[in-house]
Amino acid sequence: MVRHVILWKLKEMPDAEKAAVKAGIQTGLEGLTGQIPGLLELHVYTDALPSSANADLMLDAVFTDAAALQGYAVHPAHVAVANGKVRPYTAVRTCLDFTV
């Protein structure tokens with residue numbers, strides 16, 4: 001199995017807008033479960049503690065293998081969520097993929 005972890009720091013915006021953006025990202029990405037071959041689990045965490053100064057939210061996903069992760073990256077459903085709900089609001093993205 002392969003684990004895919006992403007941390008995002010969002011662009012500066014009012015708190016109410018940031019909360020709405022985080023909710024949209026969470027709903028959009030978690031909604032991909034069951035739509036993409038090889039995607040076993042996907043969770044988006046949005047309630048960071050105040051000590052989490054470097055990130056606003058985190059994705060934690062598990063795939064059957066590296067090929068499934070590559071398929072996810074280009075899957076139209078994922079690309080639509082990434083382009084519509086994530087990338088427009090992201091200032092910094094950090095990713096770590098590893099075998100479990």
# chains A, B, ... in the order shown; residues from 1 in each chain; ligands from 1
>>> residues_around(residues="Glu30 of chain A", least_positions_apart="6", cutoff="7 Å", atoms="only C-alpha atoms", output="PyMOL selection string")
chain A and resi 42-44
>>> residues_around(residues="Leu32 of chain A", least_positions_apart="2", cutoff="8 Å", atoms="only C-alpha atoms", output="MDAnalysis selection string")
chainID A and resid 28:30 34:36 42 77:78
>>> write_last_selection(atoms="N, CA and C atoms", output="PDB file, in the first residue's frame")
ATOM      1  N   GLY A  28     -15.137  17.952  -1.194  1.00  0.00           N
ATOM      2  CA  GLY A  28     -14.755  17.563  -2.541  1.00  0.00           C
ATOM      3  C   GLY A  28     -13.808  16.381  -2.575  1.00  0.00           C
ATOM      4  N   LEU A  29     -12.753  16.429  -1.771  1.00  0.00           N
ATOM      5  CA  LEU A  29     -11.769  15.351  -1.800  1.00  0.00           C
ATOM      6  C   LEU A  29     -12.295  14.073  -1.166  1.00  0.00           C
ATOM      7  N   GLU A  30     -12.976  14.172  -0.030  1.00  0.00           N
ATOM      8  CA  GLU A  30     -13.502  12.959   0.598  1.00  0.00           C
ATOM      9  C   GLU A  30     -14.573  12.315  -0.273  1.00  0.00           C
ATOM     10  N   GLY A  34     -14.359   5.835  -3.496  1.00  0.00           N
ATOM     11  CA  GLY A  34     -15.283   4.990  -4.230  1.00  0.00           C
ATOM     12  C   GLY A  34     -15.385   5.338  -5.709  1.00  0.00           C
ATOM     13  N   GLN A  35     -14.796   6.451  -6.130  1.00  0.00           N
ATOM     14  CA  GLN A  35     -14.846   6.874  -7.530  1.00  0.00           C
ATOM     15  C   GLN A  35     -13.566   6.574  -8.290  1.00  0.00           C
ATOM     16  N   ILE A  36     -12.474   6.359  -7.584  1.00  0.00           N
ATOM     17  CA  ILE A  36     -11.165   6.237  -8.227  1.00  0.00           C
ATOM     18  C   ILE A  36     -10.570   4.864  -7.905  1.00  0.00           C
ATOM     19  N   LEU A  42      -9.513   8.041   2.169  1.00  0.00           N
ATOM     20  CA  LEU A  42      -9.108   9.432   2.005  1.00  0.00           C
ATOM     21  C   LEU A  42      -9.804  10.255   3.078  1.00  0.00           C
ATOM     22  N   ALA A  77     -12.093  13.204 -12.028  1.00  0.00           N
ATOM     23  CA  ALA A  77     -12.824  13.629 -10.823  1.00  0.00           C
ATOM     24  C   ALA A  77     -11.876  14.328  -9.849  1.00  0.00           C
ATOM     25  N   HIS A  78     -10.669  13.795  -9.690  1.00  0.00           N
ATOM     26  CA  HIS A  78      -9.690  14.429  -8.811  1.00  0.00           C
ATOM     27  C   HIS A  78      -9.228  15.760  -9.377  1.00  0.00           C
TER      28      HIS A  78
END
>>> select_by_dssp(residues="segment 4-94 of chain A", states="alpha helix (DSSP H)", output="JSON, numbers by chain")
{"A": [15, 16, 17, 18, 19, 20, 21, 22, 23, 24, 25, 26, 27, 28, 29, 30, 66, 67, 68, 69, 70, 71, 72, 73, 74, 76, 77, 78, 79, 80, 81]}
>>> closest_residue(among="A:Pro50, A:Val21, A:Ala66, A:Val92", to="Ile6 of chain A", atoms="only C-alpha atoms")
A:Val92
>>> closest_residue(among="A:Ala82, A:Gln26, A:Thr94, A:Asp56", to="Lys11 of chain A", atoms="only C-alpha atoms")
A:Asp56
>>> atom_distance(atom1="atom CA of Ala16 of chain A", atom2="atom CA of Arg87 of chain A")
18.5 Å
>>> residues_around(residues="Ala61 of chain A", least_positions_apart="2", cutoff="12 Å", atoms="only C-alpha atoms", output="VMD selection string")
chain A and resid 1 to 7 29 to 30 32 to 33 36 38 to 45 58 to 59 63 to 65 68 to 69 72 95 to 100
>>> atom_distance(atom1="atom CA of Ala55 of chain A", atom2="atom CA of Lys9 of chain A")
4.5 Å
>>> residues_around(residues="Lys85 of chain A", least_positions_apart="4", cutoff="10 Å", atoms="only C-alpha atoms", output="list of chain:residue names")
A:Val21, A:Lys22, A:Ala23, A:Gly24, A:Ile25, A:Gln26, A:Thr27, A:Gly28, A:Leu29, A:Val79, A:Ala80, A:Val81, A:Tyr89, A:Thr90
>>> atom_distance(atom1="atom CA of Thr46 of chain A", atom2="atom CA of His75 of chain A")
23.7 Å
